[in-house]
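J.: I'm passing along input_29.json; it holds JSON, N, CA and C atoms.
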```
[["chain", "number", "residue", "atom", "x", "y", "z"],
["A", 8, "MET", "N", -17.39, 12.89, 1.32],
["A", 8, "MET", "CA", -16.63, 12.60, 0.12],
["A", 8, "MET", "C", -16.49, 11.08, 0.02],
["A", 9, "ASN", "N", -16.98, 10.53, -1.07],
["A", 9, "ASN", "CA", -16.97, 9.08, -1.24],
["A", 9, "ASN", "C", -15.93, 8.59, -2.23],
["A", 10, "THR", "N", -15.15, 9.49, -2.77],
["A", 10, "THR", "CA", -14.17, 9.08, -3.76],
["A", 10, "THR", "C", -12.89, 9.90, -3.59],
["A", 11, "PHE", "N", -11.81, 9.35, -4.11],
["A", 11, "PHE", "CA", -10.53, 10.06, -4.09],
["A", 11, "PHE", "C", -10.39, 11.00, -5.28],
["A", 12, "PHE", "N", -11.37, 10.97, -6.20],
["A", 12, "PHE", "CA", -11.22, 11.68, -7.47],
["A", 12, "PHE", "C", -12.32, 12.73, -7.66],
["A", 13, "ASP", "N", -11.98, 13.80, -8.39],
["A", 13, "ASP", "CA", -12.96, 14.82, -8.73],
["A", 13, "ASP", "C", -13.70, 14.41, -10.01],
["A", 14, "GLU", "N", -14.58, 15.29, -10.49],
["A", 14, "GLU", "CA", -15.40, 14.98, -11.67],
["A", 14, "GLU", "C", -14.57, 14.69, -12.91],
["A", 15, "LEU", "N", -13.38, 15.26, -12.97],
["A", 15, "LEU", "CA", -12.52, 15.09, -14.15],
["A", 15, "LEU", "C", -11.54, 13.92, -14.01],
["A", 16, "GLY", "N", -11.64, 13.20, -12.89],
["A", 16, "GLY", "CA", -10.76, 12.06, -12.68],
["A", 16, "GLY", "C", -9.45, 12.39, -12.00],
["A", 17, "GLY", "N", -9.28, 13.67, -11.62],
["A", 17, "GLY", "CA", -8.06, 14.07, -10.91],
["A", 17, "GLY", "C", -8.16, 13.75, -9.42],
["A", 18, "LEU", "N", -7.03, 13.70, -8.75],
["A", 18, "LEU", "CA", -7.01, 13.46, -7.31],
["A", 18, "LEU", "C", -7.73, 14.57, -6.57],
["A", 19, "ASN", "N", -8.54, 14.21, -5.61],
["A", 19, "ASN", "CA", -9.33, 15.16, -4.84],
["A", 19, "ASN", "C", -8.66, 15.43, -3.48],
["A", 20, "ILE", "N", -7.35, 15.40, -3.44],
["A", 20, "ILE", "CA", -6.60, 15.50, -2.20],
["A", 20, "ILE", "C", -6.77, 16.88, -1.54],
["A", 21, "ASP", "N", -6.77, 17.95, -2.32],
["A", 21, "ASP", "CA", -6.89, 19.29, -1.73],
["A", 21, "ASP", "C", -8.17, 19.43, -0.92],
["A", 22, "ASP", "N", -9.30, 18.98, -1.45],
["A", 22, "ASP", "CA", -10.56, 19.06, -0.71],
["A", 22, "ASP", "C", -10.51, 18.20, 0.54],
["A", 23, "LEU", "N", -9.91, 17.02, 0.43],
["A", 23, "LEU", "CA", -9.79, 16.13, 1.58],
["A", 23, "LEU", "C", -8.99, 16.82, 2.70],
["A", 24, "ILE", "N", -7.90, 17.44, 2.35],
["A", 24, "ILE", "CA", -7.06, 18.14, 3.33],
["A", 24, "ILE", "C", -7.83, 19.28, 3.97],
["A", 25, "LEU", "N", -8.48, 20.09, 3.15],
["A", 25, "LEU", "CA", -9.21, 21.25, 3.67],
["A", 25, "LEU", "C", -10.35, 20.87, 4.60],
["A", 26, "GLN", "N", -10.90, 19.67, 4.44],
["A", 26, "GLN", "CA", -12.01, 19.22, 5.27],
["A", 26, "GLN", "C", -11.55, 18.59, 6.58],
["A", 27, "GLN", "N", -10.28, 18.30, 6.71],
["A", 27, "GLN", "CA", -9.77, 17.65, 7.92],
["A", 27, "GLN", "C", -9.77, 18.63, 9.09],
["A", 28, "PRO", "N", -10.44, 18.28, 10.19],
["A", 28, "PRO", "CA", -10.43, 19.15, 11.37],
["A", 28, "PRO", "C", -9.02, 19.46, 11.87],
["A", 29, "SER", "N", -8.11, 18.49, 11.77],
["A", 29, "SER", "CA", -6.74, 18.73, 12.23],
["A", 29, "SER", "C", -6.08, 19.84, 11.40],
["A", 30, "PHE", "N", -6.27, 19.83, 10.09],
["A", 30, "PHE", "CA", -5.71, 20.87, 9.23],
["A", 30, "PHE", "C", -6.33, 22.23, 9.55],
["A", 31, "GLN", "N", -7.64, 22.24, 9.70],
["A", 31, "GLN", "CA", -8.35, 23.50, 10.00],
["A", 31, "GLN", "C", -7.85, 24.10, 11.31],
["A", 32, "LYS", "N", -7.67, 23.26, 12.34],
["A", 32, "LYS", "CA", -7.21, 23.74, 13.64],
["A", 32, "LYS", "C", -5.77, 24.29, 13.54],
["A", 33, "ILE", "N", -4.91, 23.53, 12.87],
["A", 33, "ILE", "CA", -3.51, 23.95, 12.74],
["A", 33, "ILE", "C", -3.41, 25.27, 11.98],
["A", 34, "MET", "N", -4.23, 25.45, 10.96],
["A", 34, "MET", "CA", -4.12, 26.62, 10.10],
["A", 34, "MET", "C", -4.94, 27.82, 10.55],
["A", 35, "GLU", "N", -5.63, 27.71, 11.69],
["A", 35, "GLU", "CA", -6.45, 28.82, 12.20],
["A", 35, "GLU", "C", -5.69, 30.14, 12.23],
["A", 36, "ASP", "N", -4.47, 30.11, 12.73],
["A", 36, "ASP", "CA", -3.69, 31.35, 12.86],
["A", 36, "ASP", "C", -2.68, 31.51, 11.71],
["A", 37, "GLY", "N", -2.66, 30.56, 10.78],
["A", 37, "GLY", "CA", -1.75, 30.65, 9.64],
["A", 37, "GLY", "C", -0.31, 30.31, 9.96],
["A", 38, "ILE", "N", -0.06, 29.83, 11.18],
["A", 38, "ILE", "CA", 1.30, 29.49, 11.60],
["A", 38, "ILE", "C", 1.33, 28.03, 12.05],
["A", 39, "VAL", "N", 2.28, 27.27, 11.53],
["A", 39, "VAL", "CA", 2.46, 25.89, 11.96],
["A", 39, "VAL", "C", 3.61, 25.86, 12.96],
["A", 40, "THR", "N", 3.28, 25.51, 14.20],
["A", 40, "THR", "CA", 4.30, 25.48, 15.25],
["A", 40, "THR", "C", 4.95, 24.10, 15.32],
["A", 41, "GLU", "N", 6.08, 24.03, 15.99],
["A", 41, "GLU", "CA", 6.76, 22.75, 16.21],
["A", 41, "GLU", "C", 5.84, 21.81, 17.00],
["A", 42, "GLU", "N", 5.10, 22.36, 17.95],
["A", 42, "GLU", "CA", 4.17, 21.55, 18.75],
["A", 42, "GLU", "C", 3.06, 20.97, 17.87],
["A", 43, "GLU", "N", 2.51, 21.78, 16.99],
["A", 43, "GLU", "CA", 1.46, 21.29, 16.08],
["A", 43, "GLU", "C", 2.00, 20.22, 15.15],
["A", 44, "LEU", "N", 3.21, 20.42, 14.68],
["A", 44, "LEU", "CA", 3.85, 19.44, 13.81],
["A", 44, "LEU", "C", 4.04, 18.11, 14.55],
["A", 45, "ALA", "N", 4.50, 18.18, 15.79],
["A", 45, "ALA", "CA", 4.70, 16.98, 16.60],
["A", 45, "ALA", "C", 3.37, 16.28, 16.88],
["A", 46, "GLU", "N", 2.33, 17.06, 17.18],
["A", 46, "GLU", "CA", 1.01, 16.49, 17.43],
["A", 46, "GLU", "C", 0.46, 15.79, 16.19],
["A", 47, "GLN", "N", 0.66, 16.40, 15.03],
["A", 47, "GLN", "CA", 0.18, 15.78, 13.79],
["A", 47, "GLN", "C", 0.95, 14.50, 13.50],
["A", 48, "LYS", "N", 2.24, 14.52, 13.75],
["A", 48, "LYS", "CA", 3.05, 13.31, 13.56],
["A", 48, "LYS", "C", 2.53, 12.19, 14.45],
["A", 49, "GLU", "N", 2.23, 12.49, 15.71],
["A", 49, "GLU", "CA", 1.72, 11.48, 16.63],
["A", 49, "GLU", "C", 0.33, 11.01, 16.21],
["A", 50, "ARG", "N", -0.49, 11.91, 15.67],
["A", 50, "ARG", "CA", -1.82, 11.54, 15.18],
["A", 50, "ARG", "C", -1.71, 10.53, 14.04],
["A", 51, "VAL", "N", -0.79, 10.78, 13.13],
["A", 51, "VAL", "CA", -0.58, 9.88, 11.99],
["A", 51, "VAL", "C", -0.05, 8.53, 12.48],
["A", 52, "ILE", "N", 0.89, 8.54, 13.39],
["A", 52, "ILE", "CA", 1.44, 7.29, 13.92],
["A", 52, "ILE", "C", 0.36, 6.46, 14.59],
["A", 53, "ALA", "N", -0.49, 7.10, 15.39],
["A", 53, "ALA", "CA", -1.57, 6.39, 16.07],
["A", 53, "ALA", "C", -2.55, 5.78, 15.08],
["A", 54, "LEU", "N", -2.88, 6.52, 14.03],
["A", 54, "LEU", "CA", -3.80, 6.00, 13.01],
["A", 54, "LEU", "C", -3.19, 4.83, 12.25],
["A", 55, "LEU", "N", -1.90, 4.93, 11.93],
["A", 55, "LEU", "CA", -1.23, 3.83, 11.24],
["A", 55, "LEU", "C", -1.15, 2.59, 12.12],
["A", 56, "LYS", "N", -0.88, 2.76, 13.39],
["A", 56, "LYS", "CA", -0.84, 1.61, 14.31],
["A", 56, "LYS", "C", -2.20, 0.96, 14.41],
["A", 57, "LYS", "N", -3.25, 1.76, 14.51],
["A", 57, "LYS", "CA", -4.62, 1.23, 14.58],
["A", 57, "LYS", "C", -4.95, 0.48, 13.30],
["A", 58, "PHE", "N", -4.61, 1.06, 12.16],
["A", 58, "PHE", "CA", -4.83, 0.40, 10.87],
["A", 58, "PHE", "C", -4.09, -0.93, 10.82],
["A", 59, "GLU", "N", -2.83, -0.91, 11.22],
["A", 59, "GLU", "CA", -1.99, -2.10, 11.16],
["A", 59, "GLU", "C", -2.56, -3.23, 12.02],
["A", 60, "GLN", "N", -3.10, -2.88, 13.18],
["A", 60, "GLN", "CA", -3.67, -3.88, 14.08],
["A", 60, "GLN", "C", -4.94, -4.51, 13.51],
["A", 61, "ASN", "N", -5.67, -3.78, 12.69],
["A", 61, "ASN", "CA", -6.97, -4.23, 12.20],
["A", 61, "ASN", "C", -6.96, -4.67, 10.75],
["A", 62, "SER", "N", -5.79, -4.83, 10.16],
["A", 62, "SER", "CA", -5.70, -5.10, 8.73],
["A", 62, "SER", "C", -4.93, -6.38, 8.44],
["A", 63, "THR", "N", -5.18, -6.89, 7.24],
["A", 63, "THR", "CA", -4.45, -8.07, 6.78],
["A", 63, "THR", "C", -3.07, -7.63, 6.27],
["A", 64, "PRO", "N", -2.13, -8.57, 6.17],
["A", 64, "PRO", "CA", -0.83, -8.21, 5.61],
["A", 64, "PRO", "C", -0.94, -7.61, 4.20],
["A", 65, "GLU", "N", -1.89, -8.11, 3.40],
["A", 65, "GLU", "CA", -2.08, -7.59, 2.05],
["A", 65, "GLU", "C", -2.55, -6.13, 2.08],
["A", 66, "GLN", "N", -3.48, -5.82, 2.98],
["A", 66, "GLN", "CA", -3.96, -4.45, 3.11],
["A", 66, "GLN", "C", -2.84, -3.53, 3.57],
["A", 67, "ILE", "N", -2.04, -4.00, 4.49],
["A", 67, "ILE", "CA", -0.91, -3.21, 4.98],
["A", 67, "ILE", "C", 0.08, -2.94, 3.85],
["A", 68, "ASP", "N", 0.36, -3.94, 3.03],
["A", 68, "ASP", "CA", 1.25, -3.75, 1.89],
["A", 68, "ASP", "C", 0.69, -2.72, 0.91],
["A", 69, "GLN", "N", -0.61, -2.79, 0.64],
["A", 69, "GLN", "CA", -1.23, -1.83, -0.28],
["A", 69, "GLN", "C", -1.14, -0.41, 0.25],
["A", 70, "VAL", "N", -1.42, -0.23, 1.53],
["A", 70, "VAL", "CA", -1.38, 1.11, 2.11],
["A", 70, "VAL", "C", 0.06, 1.61, 2.18],
["A", 71, "ARG", "N", 1.00, 0.74, 2.49],
["A", 71, "ARG", "CA", 2.42, 1.13, 2.53],
["A", 71, "ARG", "C", 2.85, 1.64, 1.15],
["A", 72, "GLU", "N", 2.47, 0.91, 0.09],
["A", 72, "GLU", "CA", 2.81, 1.34, -1.26],
["A", 72, "GLU", "C", 2.12, 2.66, -1.61],
["A", 73, "LEU", "N", 0.85, 2.79, -1.24],
["A", 73, "LEU", "CA", 0.12, 4.02, -1.50],
["A", 73, "LEU", "C", 0.78, 5.21, -0.80],
["A", 74, "LEU", "N", 1.11, 5.06, 0.47],
["A", 74, "LEU", "CA", 1.76, 6.14, 1.21],
["A", 74, "LEU", "C", 3.10, 6.51, 0.59],
["A", 75, "ALA", "N", 3.86, 5.51, 0.19],
["A", 75, "ALA", "CA", 5.17, 5.77, -0.42],
["A", 75, "ALA", "C", 5.00, 6.56, -1.72],
["A", 76, "GLU", "N", 4.03, 6.16, -2.55],
["A", 76, "GLU", "CA", 3.83, 6.85, -3.82],
["A", 76, "GLU", "C", 3.27, 8.26, -3.62],
["A", 77, "ILE", "N", 2.42, 8.45, -2.62],
["A", 77, "ILE", "CA", 1.95, 9.81, -2.31],
["A", 77, "ILE", "C", 3.12, 10.68, -1.88],
["A", 78, "CYS", "N", 4.01, 10.13, -1.07],
["A", 78, "CYS", "CA", 5.18, 10.90, -0.63],
["A", 78, "CYS", "C", 6.09, 11.24, -1.80],
["A", 79, "VAL", "N", 6.25, 10.31, -2.75],
["A", 79, "VAL", "CA", 7.03, 10.60, -3.95],
["A", 79, "VAL", "C", 6.38, 11.74, -4.72],
["A", 80, "LEU", "N", 5.06, 11.69, -4.89],
["A", 80, "LEU", "CA", 4.34, 12.75, -5.59],
["A", 80, "LEU", "C", 4.56, 14.10, -4.93],
["A", 81, "ILE", "N", 4.45, 14.15, -3.63],
["A", 81, "ILE", "CA", 4.65, 15.41, -2.89],
["A", 81, "ILE", "C", 6.08, 15.89, -3.07],
["A", 82, "ALA", "N", 7.03, 14.98, -2.95],
["A", 82, "ALA", "CA", 8.45, 15.34, -3.07],
["A", 82, "ALA", "C", 8.78, 15.92, -4.44],
["A", 83, "ILE", "N", 8.26, 15.32, -5.50],
["A", 83, "ILE", "CA", 8.60, 15.82, -6.82],
["A", 83, "ILE", "C", 7.80, 17.07, -7.20],
["A", 84, "GLN", "N", 6.63, 17.26, -6.60],
["A", 84, "GLN", "CA", 5.88, 18.50, -6.85],
["A", 84, "GLN", "C", 6.57, 19.70, -6.24],
["A", 85, "ASN", "N", 7.30, 19.46, -5.17],
["A", 85, "ASN", "CA", 7.97, 20.54, -4.45],
["A", 85, "ASN", "C", 9.37, 20.82, -4.97],
["A", 86, "LYS", "N", 9.76, 20.20, -6.06],
["A", 86, "LYS", "CA", 11.09, 20.42, -6.66],
["A", 86, "LYS", "C", 11.02, 21.45, -7.75]]
```
Written as structure tokens, that's how I'd like the structure from this file.

T.:
Amino acid sequence: MNTFFDELGGLNIDDLILQQPSFQKIMEDGIVTEEELAEQKERVIALLKKFEQNSTPEQIDQVRELLAEICVLIAIQNK
């Protein structure tokens, strides 16, 4: 997948999630355990730390804003 968007210009997030090995492994049995949740949290933290170490302050600011807006989108979709 080379883009964040589908053919119609919509976000392609669902496909991205479904293709992630971590999501596939967690959802194998259809149950998300506390251990799996903790492991995923640690996976995200490690990736963010790696990104932060290899990025400029401007890139970090852009990703921070992107993550915040994605979280807002998720929060309001679930209301």

J.: Run DSSP on the backbone and tell me which residues of range 23-59 of chain A come out as alpha helix (DSSP H); list them as number ranges by chain.

T.: A: 23-26, 28-33, 41-59

J.: Expressed in Å to a single decimal, how great is the separation between CA of Ile52 in chain A and CA of Ala82 in chain A?

T.: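 About the pair CA of Ile52 in chain A and CA of Ala82 in chain A: they are 20.1 Å apart.
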
J.: May I ask for the distance between CA of Pro64 in chain A and CA of Phe11 in chain A, given in Å to one decimal place?

T.: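 Computed distance, CA of Pro64 in chain A to CA of Phe11 in chain A, equals 22.8 Å.
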
J.: Grab the atom C of Glu35 in chain A to atom C of Leu23 in chain A distance for me, in Å with one decimal place.

T.: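 Result for atom C of Glu35 in chain A versus atom C of Leu23 in chain A: 16.7 Å, one decimal.
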